[in-house]
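Next comes my_file.tsv, with TSV, C-alpha atoms and all ligand atoms.
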```tsv
chain	number	residue	atom	x	y	z
A	443	MET	CA	15.84	19.48	8.98
A	444	ILE	CA	12.08	18.91	8.82
A	445	ARG	CA	12.09	15.28	7.82
A	446	PHE	CA	9.91	13.77	5.15
A	447	ASN	CA	8.65	11.08	7.53
A	448	ARG	CA	8.63	10.42	11.27
A	449	PRO	CA	7.00	7.31	12.68
A	450	PHE	CA	4.10	8.09	15.02
A	451	MET	CA	3.78	6.20	18.31
A	452	THR	CA	0.47	6.08	20.14
A	453	GLY	CA	2.09	5.66	23.57
A	454	LYS	CA	0.80	2.15	24.26
A	455	GLU	CA	3.29	0.20	22.14
A	456	LEU	CA	5.78	-0.52	24.94
A	457	SER	CA	3.18	-1.64	27.45
A	458	TYR	CA	1.66	-4.03	24.90
A	459	ILE	CA	5.11	-5.39	24.09
A	460	GLU	CA	5.67	-5.86	27.80
A	461	GLN	CA	2.37	-7.78	27.97
A	462	ALA	CA	3.45	-9.98	25.08
A	463	HIS	CA	6.70	-10.62	26.94
A	464	GLY	CA	4.71	-11.47	30.06
A	465	ASN	CA	2.38	-13.78	28.13
A	466	GLY	CA	5.39	-15.93	27.34
A	467	HIS	CA	4.12	-16.40	23.78
A	468	LEU	CA	6.63	-14.81	21.42
A	469	SER	CA	6.18	-16.75	18.19
A	470	GLY	CA	3.35	-15.87	15.82
A	471	ASP	CA	-0.42	-16.25	16.15
A	472	GLY	CA	-0.64	-15.48	19.88
A	473	PRO	CA	-3.25	-13.28	21.57
A	474	PHE	CA	-2.08	-9.96	20.04
A	475	THR	CA	-2.08	-11.44	16.55
A	476	ARG	CA	-5.63	-12.70	17.11
A	477	THR	CA	-6.71	-9.25	18.31
A	478	CYS	CA	-5.31	-7.72	15.12
A	479	HIS	CA	-6.95	-10.35	12.91
A	480	GLU	CA	-10.32	-9.68	14.52
A	481	TRP	CA	-9.92	-5.92	14.13
A	482	PHE	CA	-9.21	-6.28	10.43
A	483	ARG	CA	-12.14	-8.60	9.86
A	484	GLU	CA	-14.48	-6.22	11.67
A	485	GLN	CA	-13.03	-3.11	10.09
A	486	THR	CA	-13.10	-4.43	6.52
A	487	GLY	CA	-15.62	-7.25	6.35
A	488	ALA	CA	-12.98	-9.55	4.82
A	489	ARG	CA	-13.59	-13.22	5.70
A	490	THR	CA	-9.93	-13.85	6.52
A	491	ALA	CA	-7.24	-11.43	7.70
A	492	LEU	CA	-3.72	-12.69	8.35
A	493	LEU	CA	-0.79	-10.66	9.63
A	494	THR	CA	2.42	-11.07	7.67
A	495	HIS	CA	5.91	-9.70	8.21
A	496	SER	CA	5.48	-7.26	5.31
A	497	CYS	CA	3.22	-6.24	2.45
A	498	THR	CA	5.81	-7.86	0.20
A	499	ALA	CA	5.14	-11.16	2.01
A	500	ALA	CA	1.37	-10.70	1.60
A	501	LEU	CA	1.83	-10.12	-2.14
A	502	GLU	CA	4.04	-13.23	-2.38
A	503	MET	CA	1.30	-15.19	-0.63
A	504	ALA	CA	-1.20	-13.84	-3.15
A	505	ALA	CA	1.02	-15.04	-6.02
A	506	LEU	CA	1.21	-18.50	-4.40
A	507	LEU	CA	-2.55	-18.61	-3.77
A	508	LEU	CA	-3.24	-17.82	-7.42
A	509	ARG	CA	-0.99	-20.78	-8.34
A	510	LEU	CA	0.82	-18.69	-10.92
A	511	GLU	CA	3.16	-20.59	-13.16
A	512	PRO	CA	6.11	-19.51	-15.31
A	513	GLY	CA	4.83	-17.58	-18.32
A	514	ASP	CA	1.54	-16.55	-16.72
A	515	GLU	CA	0.94	-12.82	-16.94
A	516	VAL	CA	-0.17	-10.29	-14.34
A	517	ILE	CA	-1.30	-6.81	-15.36
A	518	LEU	CA	-0.17	-4.03	-13.05
A	519	PRO	CA	0.96	-0.40	-13.04
A	520	SER	CA	4.60	0.54	-13.54
A	521	PHE	CA	4.31	3.53	-11.22
A	522	THR	CA	4.55	1.49	-8.00
A	523	PHE	CA	6.91	-0.04	-5.49
A	524	VAL	CA	9.12	-2.94	-6.60
A	525	SER	CA	7.25	-5.60	-4.59
A	526	THR	CA	4.03	-5.22	-6.62
A	527	ALA	CA	5.91	-6.76	-9.57
A	528	SER	CA	8.62	-8.77	-7.82
A	529	ALA	CA	6.14	-10.93	-5.86
A	530	PHE	CA	4.75	-12.27	-9.16
A	531	ALA	CA	8.10	-12.43	-10.99
A	532	LEU	CA	9.33	-14.64	-8.14
A	533	ARG	CA	6.83	-17.28	-9.34
A	534	GLY	CA	8.05	-16.91	-12.91
A	535	ALA	CA	5.02	-14.86	-13.89
A	536	VAL	CA	5.49	-11.91	-16.26
A	537	PRO	CA	4.54	-8.45	-14.97
A	538	VAL	CA	2.75	-6.62	-17.80
A	539	PHE	CA	2.92	-2.90	-17.13
A	540	VAL	CA	0.03	-0.60	-18.00
A	541	ASP	CA	-0.03	3.20	-17.88
A	542	VAL	CA	-1.77	5.24	-15.17
A	543	ARG	CA	-4.56	7.82	-15.20
A	544	THR	CA	-3.56	11.47	-15.24
A	545	ASP	CA	-5.87	12.37	-12.32
A	546	THR	CA	-5.31	9.74	-9.56
A	547	LEU	CA	-2.06	8.30	-10.97
A	548	ASN	CA	-3.68	4.86	-10.55
A	549	ILE	CA	-3.75	2.16	-13.24
A	550	ASP	CA	-5.80	3.32	-16.23
A	551	GLU	CA	-8.67	0.83	-16.35
A	552	ASN	CA	-9.31	1.72	-19.98
A	553	LEU	CA	-5.93	0.28	-20.97
A	554	ILE	CA	-6.27	-3.05	-19.16
A	555	GLU	CA	-8.22	-4.99	-21.78
A	556	GLY	CA	-5.68	-4.08	-24.45
A	557	ALA	CA	-2.99	-5.81	-22.37
A	558	ILE	CA	-4.88	-9.07	-21.81
A	559	THR	CA	-3.53	-12.17	-23.61
A	560	PRO	CA	-4.40	-15.89	-23.28
A	561	ARG	CA	-1.68	-16.08	-20.56
A	562	THR	CA	-3.17	-13.32	-18.38
A	563	LYS	CA	-4.20	-14.68	-14.96
A	564	ALA	CA	-4.61	-11.63	-12.74
A	565	ILE	CA	-4.72	-7.87	-12.38
A	566	CYS	CA	-2.83	-6.33	-9.46
A	567	VAL	CA	-3.99	-2.80	-8.76
A	568	VAL	CA	-2.22	-0.28	-6.53
A	569	HIS	CA	-4.17	2.40	-4.68
A	570	TYR	CA	-1.61	5.19	-4.95
A	571	ALA	CA	-1.51	7.64	-2.04
A	572	GLY	CA	-4.44	5.76	-0.48
A	573	VAL	CA	-6.84	6.87	-3.24
A	574	ALA	CA	-8.81	4.04	-4.84
A	575	CYS	CA	-8.48	2.72	-8.38
A	576	GLU	CA	-11.68	2.52	-10.46
A	577	MET	CA	-12.63	-0.81	-8.93
A	578	ASP	CA	-16.10	-1.24	-10.48
A	579	ALA	CA	-14.65	-1.09	-13.99
A	580	ILE	CA	-11.67	-3.26	-13.03
A	581	MET	CA	-13.83	-5.95	-11.38
A	582	ALA	CA	-16.08	-5.99	-14.46
A	583	ILE	CA	-13.07	-6.53	-16.76
A	584	ALA	CA	-11.80	-9.31	-14.49
A	585	ALA	CA	-15.22	-11.02	-14.52
A	586	ARG	CA	-15.46	-10.77	-18.33
A	587	HIS	CA	-12.05	-12.42	-18.79
A	588	GLY	CA	-12.01	-14.80	-15.83
A	589	LEU	CA	-9.15	-13.01	-14.08
A	590	ARG	CA	-8.32	-12.65	-10.39
A	591	VAL	CA	-7.85	-9.24	-8.81
A	592	VAL	CA	-5.21	-8.54	-6.17
A	593	GLU	CA	-5.21	-5.14	-4.44
A	594	ASP	CA	-1.86	-3.77	-3.36
A	595	ALA	CA	-3.44	-1.67	-0.61
A	596	ALA	CA	-0.07	-1.03	1.07
A	597	GLN	CA	-0.99	2.67	1.25
A	598	GLY	CA	-4.74	2.18	1.51
A	599	ILE	CA	-5.66	1.36	5.12
A	600	MET	CA	-8.87	3.16	6.23
A	601	SER	CA	-9.61	4.38	2.68
A	602	THR	CA	-12.80	3.48	0.81
A	603	TYR	CA	-14.16	3.14	-2.72
A	604	ARG	CA	-17.92	3.76	-2.95
A	605	GLY	CA	-18.09	3.04	0.77
A	606	ARG	CA	-16.13	-0.22	0.61
A	607	PRO	CA	-12.77	-0.57	2.41
A	608	LEU	CA	-9.79	-0.92	0.07
A	609	GLY	CA	-8.21	-4.36	0.12
A	610	THR	CA	-11.58	-6.17	0.23
A	611	ILE	CA	-12.97	-5.49	-3.25
A	612	GLY	CA	-10.62	-7.77	-5.20
A	613	ASP	CA	-10.10	-11.45	-4.33
A	614	LEU	CA	-7.06	-10.65	-2.20
A	615	GLY	CA	-5.72	-7.48	-0.56
A	616	ALA	CA	-2.28	-6.67	0.85
A	617	PHE	CA	-1.48	-4.01	3.48
A	618	SER	CA	1.82	-2.63	4.75
A	619	PHE	CA	2.74	-1.51	8.26
A	620	HIS	CA	6.23	-0.37	7.32
A	621	GLU	CA	7.22	2.66	9.37
A	622	THR	CA	6.61	4.95	6.38
A	623	LYS	CA	2.92	3.99	6.22
A	624	ASN	CA	-0.03	5.38	8.25
A	625	ILE	CA	-0.37	2.47	10.71
A	626	ILE	CA	2.96	0.88	11.55
A	627	SER	CA	4.80	-1.94	13.27
A	628	GLY	CA	8.31	-1.25	11.96
A	629	GLU	CA	8.08	-3.93	9.32
A	630	GLY	CA	4.71	-5.62	8.93
A	631	GLY	CA	1.79	-6.38	6.68
A	632	ALA	CA	-1.46	-8.25	6.27
A	633	LEU	CA	-3.23	-10.35	3.67
A	634	LEU	CA	-7.01	-10.07	3.38
A	635	CYS	CA	-9.12	-12.72	1.65
A	636	ARG	CA	-12.49	-11.27	0.61
A	637	ASP	CA	-14.41	-14.54	0.82
A	638	ASP	CA	-13.87	-18.07	2.10
A	639	GLU	CA	-12.34	-19.43	-1.09
A	640	PHE	CA	-8.68	-18.68	-0.24
A	641	GLY	CA	-8.83	-18.47	3.56
A	642	GLU	CA	-7.75	-21.96	4.52
A	643	GLN	CA	-5.09	-22.18	1.81
A	644	ALA	CA	-3.72	-18.80	2.91
A	645	GLU	CA	-3.27	-20.10	6.47
A	646	ILE	CA	-1.38	-23.11	5.10
A	647	ILE	CA	0.92	-21.08	2.84
A	648	ARG	CA	1.68	-18.71	5.74
A	649	GLU	CA	2.56	-21.61	8.07
A	650	LYS	CA	5.30	-23.23	5.96
A	651	GLY	CA	2.81	-25.27	3.95
A	652	THR	CA	1.39	-27.03	7.01
A	653	ASN	CA	-2.13	-27.32	8.41
A	654	ARG	CA	-0.89	-26.10	11.81
A	655	SER	CA	-3.63	-23.44	12.09
A	656	ARG	CA	-6.34	-26.12	11.78
A	657	PHE	CA	-4.46	-28.22	14.33
A	658	PHE	CA	-4.43	-25.35	16.85
A	659	ARG	CA	-8.18	-24.94	16.38
A	660	GLY	CA	-8.64	-28.64	17.07
A	661	GLN	CA	-9.93	-29.32	13.54
A	662	VAL	CA	-7.30	-32.01	12.84
A	663	ASP	CA	-5.54	-34.20	15.42
A	664	LYS	CA	-2.03	-33.81	14.02
A	665	TYR	CA	-0.41	-31.31	11.74
A	666	THR	CA	1.59	-32.09	8.68
A	667	TRP	CA	3.04	-30.79	5.42
A	668	VAL	CA	0.16	-30.33	2.95
A	669	ASP	CA	1.37	-27.79	0.34
A	670	VAL	CA	4.26	-25.52	-0.54
A	671	GLY	CA	4.51	-22.45	1.64
A	672	SER	CA	6.87	-20.34	3.64
A	673	SER	CA	7.08	-18.54	6.97
A	674	TYR	CA	5.09	-15.37	6.49
A	675	LEU	CA	3.83	-14.68	10.00
A	676	PRO	CA	5.22	-12.00	12.33
A	677	GLY	CA	6.10	-12.71	15.96
A	678	GLU	CA	3.94	-11.49	18.84
A	679	ILE	CA	6.20	-8.52	19.67
A	680	THR	CA	5.42	-7.05	16.25
A	681	ALA	CA	1.71	-7.87	16.64
A	682	ALA	CA	1.68	-6.19	20.09
A	683	PHE	CA	3.12	-3.01	18.56
A	684	LEU	CA	0.51	-3.14	15.80
A	685	ALA	CA	-2.32	-3.73	18.28
A	686	ALA	CA	-1.46	-0.41	19.95
A	687	GLN	CA	-1.53	1.31	16.56
A	688	ILE	CA	-4.82	-0.06	15.23
A	689	GLU	CA	-6.66	1.07	18.36
A	690	GLU	CA	-5.83	4.60	17.27
A	691	ALA	CA	-6.32	4.05	13.53
A	692	ALA	CA	-9.35	6.35	13.25
A	693	ASP	CA	-7.62	9.11	15.20
A	694	ILE	CA	-4.37	8.75	13.24
A	695	THR	CA	-6.33	9.03	9.99
A	696	ARG	CA	-8.22	12.09	11.22
A	697	ARG	CA	-5.01	13.84	12.27
A	698	ARG	CA	-3.28	13.06	8.97
A	699	LEU	CA	-6.31	14.30	7.02
A	700	ALA	CA	-6.19	17.63	8.87
A	701	ILE	CA	-2.56	18.08	7.74
A	702	TRP	CA	-3.42	17.00	4.18
A	703	ASP	CA	-6.24	19.56	4.09
A	704	GLU	CA	-3.85	22.32	5.15
A	705	TYR	CA	-1.47	21.41	2.34
A	706	HIS	CA	-4.37	21.32	-0.10
A	707	ALA	CA	-5.64	24.76	0.92
A	708	TRP	CA	-2.13	26.24	0.73
A	709	ALA	CA	-1.39	24.70	-2.69
A	710	LEU	CA	-4.55	26.10	-4.31
A	711	GLN	CA	-3.04	29.56	-4.99
A	712	HIS	CA	-0.07	27.90	-6.70
A	713	GLU	CA	-2.31	25.66	-8.77
A	714	LEU	CA	-4.31	28.70	-9.90
A	715	ALA	CA	-1.05	30.46	-10.78
A	716	GLY	CA	0.00	27.46	-12.89
A	717	HIS	CA	2.97	26.53	-10.67
A	718	LEU	CA	1.81	23.02	-9.91
A	719	ARG	CA	-1.07	20.55	-9.88
A	720	ARG	CA	-2.62	19.30	-6.65
A	721	PRO	CA	-3.70	15.67	-5.96
A	722	ILE	CA	-7.17	14.73	-7.21
A	723	VAL	CA	-9.49	12.60	-5.06
A	724	PRO	CA	-12.63	11.46	-6.91
A	725	ALA	CA	-15.93	12.18	-5.11
A	726	HIS	CA	-16.72	8.47	-4.69
A	727	CYS	CA	-13.43	7.81	-2.84
A	728	THR	CA	-12.50	8.64	0.74
A	729	HIS	CA	-8.79	8.70	1.40
A	730	ASN	CA	-6.47	8.33	4.38
A	731	ALA	CA	-4.01	11.18	3.78
A	732	HIS	CA	-1.20	8.72	3.22
A	733	MET	CA	0.66	11.24	1.11
A	734	TYR	CA	0.62	14.84	-0.03
A	735	TYR	CA	2.25	15.22	-3.41
A	736	LEU	CA	2.60	18.05	-5.91
A	737	LEU	CA	3.05	17.76	-9.67
A	738	LEU	CA	5.49	20.42	-10.84
A	739	PRO	CA	5.70	21.54	-14.48
A	740	SER	CA	8.93	19.69	-15.35
A	741	LEU	CA	11.81	17.56	-14.06
A	742	GLU	CA	13.97	20.70	-13.91
A	743	ALA	CA	11.34	22.54	-11.86
A	744	ARG	CA	11.13	19.58	-9.47
A	745	THR	CA	14.88	19.33	-9.06
A	746	ARG	CA	15.10	23.06	-8.29
A	747	PHE	CA	12.14	22.84	-5.87
A	748	ILE	CA	13.63	19.91	-3.89
A	749	GLU	CA	17.02	21.69	-3.74
A	750	ALA	CA	15.49	24.99	-2.61
A	751	LEU	CA	13.46	23.30	0.13
A	752	LYS	CA	16.54	21.42	1.30
A	753	GLU	CA	18.43	24.71	1.65
A	754	ASP	CA	15.61	25.93	3.88
A	755	GLY	CA	15.68	22.77	6.00
A	756	VAL	CA	12.72	20.92	4.48
A	757	GLN	CA	13.04	17.39	3.13
A	758	ALA	CA	10.76	16.78	0.14
A	759	VAL	CA	11.30	13.67	-1.97
A	760	PHE	CA	10.40	12.25	-5.35
A	761	HIS	CA	8.89	8.80	-5.74
A	762	TYR	CA	9.08	5.74	-7.99
A	763	ILE	CA	11.42	5.16	-10.87
A	764	PRO	CA	8.88	3.47	-13.21
A	765	LEU	CA	9.36	-0.28	-13.06
A	766	HIS	CA	9.08	-0.77	-16.82
A	767	SER	CA	12.33	1.14	-17.30
A	768	SER	CA	14.18	-0.47	-14.36
A	769	PRO	CA	16.78	-3.21	-15.05
A	770	ALA	CA	14.65	-5.97	-13.46
A	771	GLY	CA	11.44	-4.64	-14.97
A	772	ARG	CA	12.98	-4.94	-18.43
A	773	THR	CA	14.30	-8.43	-17.69
A	774	PHE	CA	11.20	-9.96	-16.08
A	775	GLY	CA	8.38	-7.85	-17.43
A	776	ARG	CA	7.09	-6.05	-20.48
A	777	THR	CA	4.82	-3.12	-21.22
A	778	GLY	CA	1.19	-3.73	-22.14
A	779	SER	CA	0.43	-0.17	-23.19
A	780	ASP	CA	2.02	3.10	-24.02
A	781	MET	CA	3.71	4.57	-20.88
A	782	THR	CA	3.42	8.29	-21.61
A	783	VAL	CA	1.65	9.33	-18.42
A	784	THR	CA	3.86	7.20	-16.14
A	785	ASP	CA	7.07	8.53	-17.72
A	786	ASP	CA	5.76	12.08	-17.45
A	787	ILE	CA	4.41	12.17	-13.88
A	788	ALA	CA	7.27	10.13	-12.38
A	789	GLU	CA	9.61	12.99	-13.31
A	790	ARG	CA	7.41	15.76	-11.94
A	791	LEU	CA	6.01	14.38	-8.68
A	792	VAL	CA	7.31	15.52	-5.30
A	793	ARG	CA	6.10	14.36	-1.87
A	794	MET	CA	5.87	16.76	1.05
A	795	PRO	CA	6.55	15.92	4.73
A	796	LEU	CA	3.37	14.40	6.23
A	797	TRP	CA	3.45	12.93	9.72
A	798	ILE	CA	1.66	13.56	12.97
A	799	GLY	CA	3.60	16.38	14.59
A	800	VAL	CA	4.49	18.21	11.36
A	801	GLU	CA	1.59	20.61	11.98
A	802	GLU	CA	3.77	23.07	13.89
A	803	HIS	CA	6.27	23.15	11.00
A	804	LEU	CA	3.72	23.83	8.28
A	805	PRO	CA	4.29	27.63	8.31
A	806	THR	CA	8.02	27.01	7.76
A	807	ILE	CA	7.29	24.49	4.99
A	808	PHE	CA	4.80	26.78	3.24
A	809	ALA	CA	7.17	29.76	3.43
A	810	ALA	CA	10.02	27.70	1.97
A	811	ALA	CA	7.78	26.32	-0.78
A	812	ASP	CA	6.31	29.77	-1.59
A	813	LYS	CA	9.85	31.09	-1.98
A	814	ALA	CA	10.94	28.11	-4.10
A	815	LEU	CA	7.91	28.42	-6.38
A	816	ALA	CA	8.35	32.19	-6.79
A	817	GLY	CA	12.05	31.83	-7.70
A	901	LIG	C1	5.22	0.14	0.97
A	901	LIG	C2	4.70	-0.54	-0.22
A	901	LIG	C3	4.94	-1.91	-0.47
A	901	LIG	C4	5.86	-2.74	0.37
A	901	LIG	O1	5.51	-2.82	1.70
A	901	LIG	P1	6.44	-3.64	2.71
A	901	LIG	O2	5.58	-3.80	3.91
A	901	LIG	O3	7.64	-2.77	2.97
A	901	LIG	O4	6.81	-4.94	2.10
A	901	LIG	C5	4.35	-2.50	-1.57
A	901	LIG	N1	3.57	-1.79	-2.41
A	901	LIG	C6	3.33	-0.48	-2.23
A	901	LIG	C7	2.45	0.24	-3.19
A	901	LIG	C8	3.90	0.19	-1.15
A	901	LIG	O5	3.66	1.50	-0.98
```

Could you show the structure in this file as structure tokens?
Amino acid sequence: MIRFNRPFMTGKELSYIEQAHGNGHLSGDGPFTRTCHEWFREQTGARTALLTHSCTAALEMAALLLRLEPGDEVILPSFTFVSTASAFALRGAVPVFVDVRTDTLNIDENLIEGAITPRTKAICVVHYAGVACEMDAIMAIAARHGLRVVEDAAQGIMSTYRGRPLGTIGDLGAFSFHETKNIISGEGGALLCRDDEFGEQAEIIREKGTNRSRFFRGQVDKYTWVDVGSSYLPGEITAAFLAAQIEEAADITRRRLAIWDEYHAWALQHELAGHLRRPIVPAHCTHNAHMYYLLLPSLEARTRFIEALKEDGVQAVFHYIPLHSSPAGRTFGRTGSDMTVTDDIAERLVRMPLWIGVEEHLPTIFAAADKALAG
């Protein structure tokens, strides 16, 4: 079976883990964590970058930093992973789901203002497939209404919007290094704070609500409990693994893009024949080839396509069940717009295998897909 995903290893992970072992510093915020923090600050220009144990954790930190209270509302897409909504619901805030654009499948910025109420505190955007949302329009809406913007950039590492790295345009950005993402550490994530405003508070929330980070820098002479918080930092073994990955981030992105381009060239004939629609990347966005998806004409066509590929040894998969129709989404959230596009595309989208090493299997995948689409 040609699997949908295979984690890519750069080859240096084990030696860095061995170094971490040798350093005798296994808890968080050791030398490898610092290396990763510095890389993110340099790479993105964010004032503060903090590793977390997941993107979910980074989103939970964002919800804490925004001091959301029960009944506050956060506007977000429904076509996303659970954590985008759950992180805010955990604080008692109400996820207000808005429909997505037909081209990028990202939140439709034209529907956001219609969902704003006096309780709205923030907008949480998701850069689906590593392709940016329309951030200029979204930031302008946020400024007009005094709202914060959180970027769920779980899929967006190394992608840009008008030249700016994703995760640094809104107030706060969250990344994921789960093994299904481009840059991985098994489980892992990071929170980026665009400017200085949230940096110190983010360190406190991540360190159980203590000022331990300031203490380690010698800025206070003892550390103590100063706010609510939790334990959101990964250990050094995880950071060592991630350090090996980020060194190769540019190369990993290049290699994934080459595979994405091959899919895109292959799929053109089928798009012209009306069998499917290919992903759309706006000219002002660069992407990271996180995903190659196809939009088939109907749910039935998708079901048949996935089955046919499976029979030929290729694992293709669908994606999110829209959150607004999930049991928890109905309990904790509500819709802030019509959901026509979300309901439609969620039933027709299929993701193709995309991992470094799949290159040699592309002829098999294309042959299986050609056959499935002809049948
Ligand atoms: C993967 C993903 C997450 C969750 O990431 P974890 O690191 O597993 O917590 C959140 N949001 C989106 C959009 C994702 O793709």

Residues near stretch 639-652 of chain A, cut-off 6 Å, all atoms listed in the file, skip fewer than 2 positions along chain, as a list of chain:residue names: A:Thr490, A:Asp637, A:Arg654, A:Thr666, A:Trp667, A:Val668, A:Asp669, A:Val670, A:Gly671, A:Ser672, A:Ser673, A:Tyr674

Axis-aligned box over every listed atom of ligand LIG 901 (chain A), padded by 5 Å per side: centre and edges in Å to one decimal, as AutoDock Vina command-line options?
```
--center_x 5.0 --center_y -1.7 --center_z 0.4 --size_x 15.2 --size_y 16.4 --size_z 17.1
```

Residues within 8 Å of ligand LIG 901 (chain A), counting only C-alpha atoms and all ligand atoms, as a list in words: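 Checked against 8 Å with only C-alpha atoms and all ligand atoms; the hits are His495, Ser496, Cys497, Thr498, Ala499, Ala500, Thr522, Phe523, Val524, Ser525, Thr526, Val568, His569, Tyr570, Asp594, Ala595, Ala596, Gln597, Phe617, Ser618, Phe619, His620, Thr622, Lys623, Glu629, Gly630 and Gly631 of chain A.
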
Select from stretch 731-765 of chain A every residue with an atom at most 12 Å from any atom of stretch 688-695 of chain A, then for each give the shortest pair of atoms and their distance in Å to one decimal, using all atoms listed in the file, rows by chain and rising number, as CSV.
```
residue,atom,partner,partner_atom,distance
A:Ala731,CA,A:Thr695,CA,7.0
A:His732,CA,A:Thr695,CA,8.5
A:Met733,CA,A:Thr695,CA,11.5
```

A:Phe482, A:Phe683, A:Phe474, A:Tyr603 ranked by distance to A:Thr728, top pick (using all atoms listed in the file):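 Closest to A:Thr728 of all the choices is A:Tyr603.
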
Top pick for closest residue to A:Gly612, considering A:Gly778, A:His726, A:Lys563, A:Ala488 and counting only C-alpha atoms: A:Ala488

Residue neighbourhood A:Leu751, 9 Å, only C-alpha atoms, exclusion window fewer than 2 positions, as a ChimeraX atom specification: /A:746-749,753-758,807,810-811,813-814

Residue among A:Gly628, A:Gly716, A:Gly466, A:Gly660 lying closest to A:Pro449, counting all atoms listed in the file: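 Nearest to A:Pro449: A:Gly628.
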
What would stretch 515-529 of chain A look like with N, CA, C and O atoms restored, written as a compact mmCIF listing (two decimals), in the frame of the given file?
```txt
# COMPACT_ATOMS: atom_id res chain seq x y z
N GLU A 515 0.77 -14.28 -16.93
CA GLU A 515 0.94 -12.82 -16.94
C GLU A 515 0.04 -12.14 -15.91
O GLU A 515 -1.10 -12.56 -15.70
N VAL A 516 0.59 -11.10 -15.30
CA VAL A 516 -0.17 -10.29 -14.34
C VAL A 516 -0.09 -8.83 -14.78
O VAL A 516 1.01 -8.31 -15.01
N ILE A 517 -1.23 -8.21 -14.92
CA ILE A 517 -1.30 -6.81 -15.36
C ILE A 517 -1.24 -5.90 -14.14
O ILE A 517 -1.96 -6.11 -13.16
N LEU A 518 -0.36 -4.91 -14.20
CA LEU A 518 -0.17 -4.03 -13.05
C LEU A 518 0.41 -2.69 -13.51
O LEU A 518 0.88 -2.58 -14.64
N PRO A 519 0.36 -1.67 -12.64
CA PRO A 519 0.96 -0.40 -13.04
C PRO A 519 2.48 -0.48 -12.93
O PRO A 519 3.03 -1.33 -12.22
N SER A 520 3.14 0.44 -13.61
CA SER A 520 4.60 0.54 -13.54
C SER A 520 5.00 1.56 -12.48
O SER A 520 6.07 1.49 -11.89
N PHE A 521 4.06 2.50 -12.22
CA PHE A 521 4.31 3.53 -11.22
C PHE A 521 3.92 2.97 -9.85
O PHE A 521 2.84 3.23 -9.32
N THR A 522 4.81 2.15 -9.28
CA THR A 522 4.55 1.49 -8.00
C THR A 522 5.85 1.04 -7.40
O THR A 522 6.92 1.14 -8.01
N PHE A 523 5.74 0.50 -6.17
CA PHE A 523 6.91 -0.04 -5.49
C PHE A 523 7.28 -1.39 -6.13
O PHE A 523 6.42 -2.09 -6.66
N VAL A 524 8.55 -1.72 -6.04
CA VAL A 524 9.12 -2.94 -6.60
C VAL A 524 8.31 -4.21 -6.29
O VAL A 524 8.09 -5.06 -7.17
N SER A 525 7.86 -4.34 -5.04
CA SER A 525 7.25 -5.60 -4.59
C SER A 525 5.98 -5.96 -5.36
O SER A 525 5.66 -7.14 -5.50
N THR A 526 5.26 -4.95 -5.86
CA THR A 526 4.03 -5.22 -6.62
C THR A 526 4.36 -6.15 -7.80
O THR A 526 3.57 -7.04 -8.13
N ALA A 527 5.51 -5.94 -8.42
CA ALA A 527 5.91 -6.76 -9.57
C ALA A 527 6.75 -7.96 -9.15
O ALA A 527 6.57 -9.08 -9.63
N SER A 528 7.66 -7.73 -8.21
CA SER A 528 8.62 -8.77 -7.82
C SER A 528 7.93 -10.01 -7.25
O SER A 528 8.35 -11.14 -7.51
N ALA A 529 6.86 -9.80 -6.48
CA ALA A 529 6.14 -10.93 -5.86
C ALA A 529 5.65 -11.92 -6.93
O ALA A 529 5.65 -13.13 -6.70
```
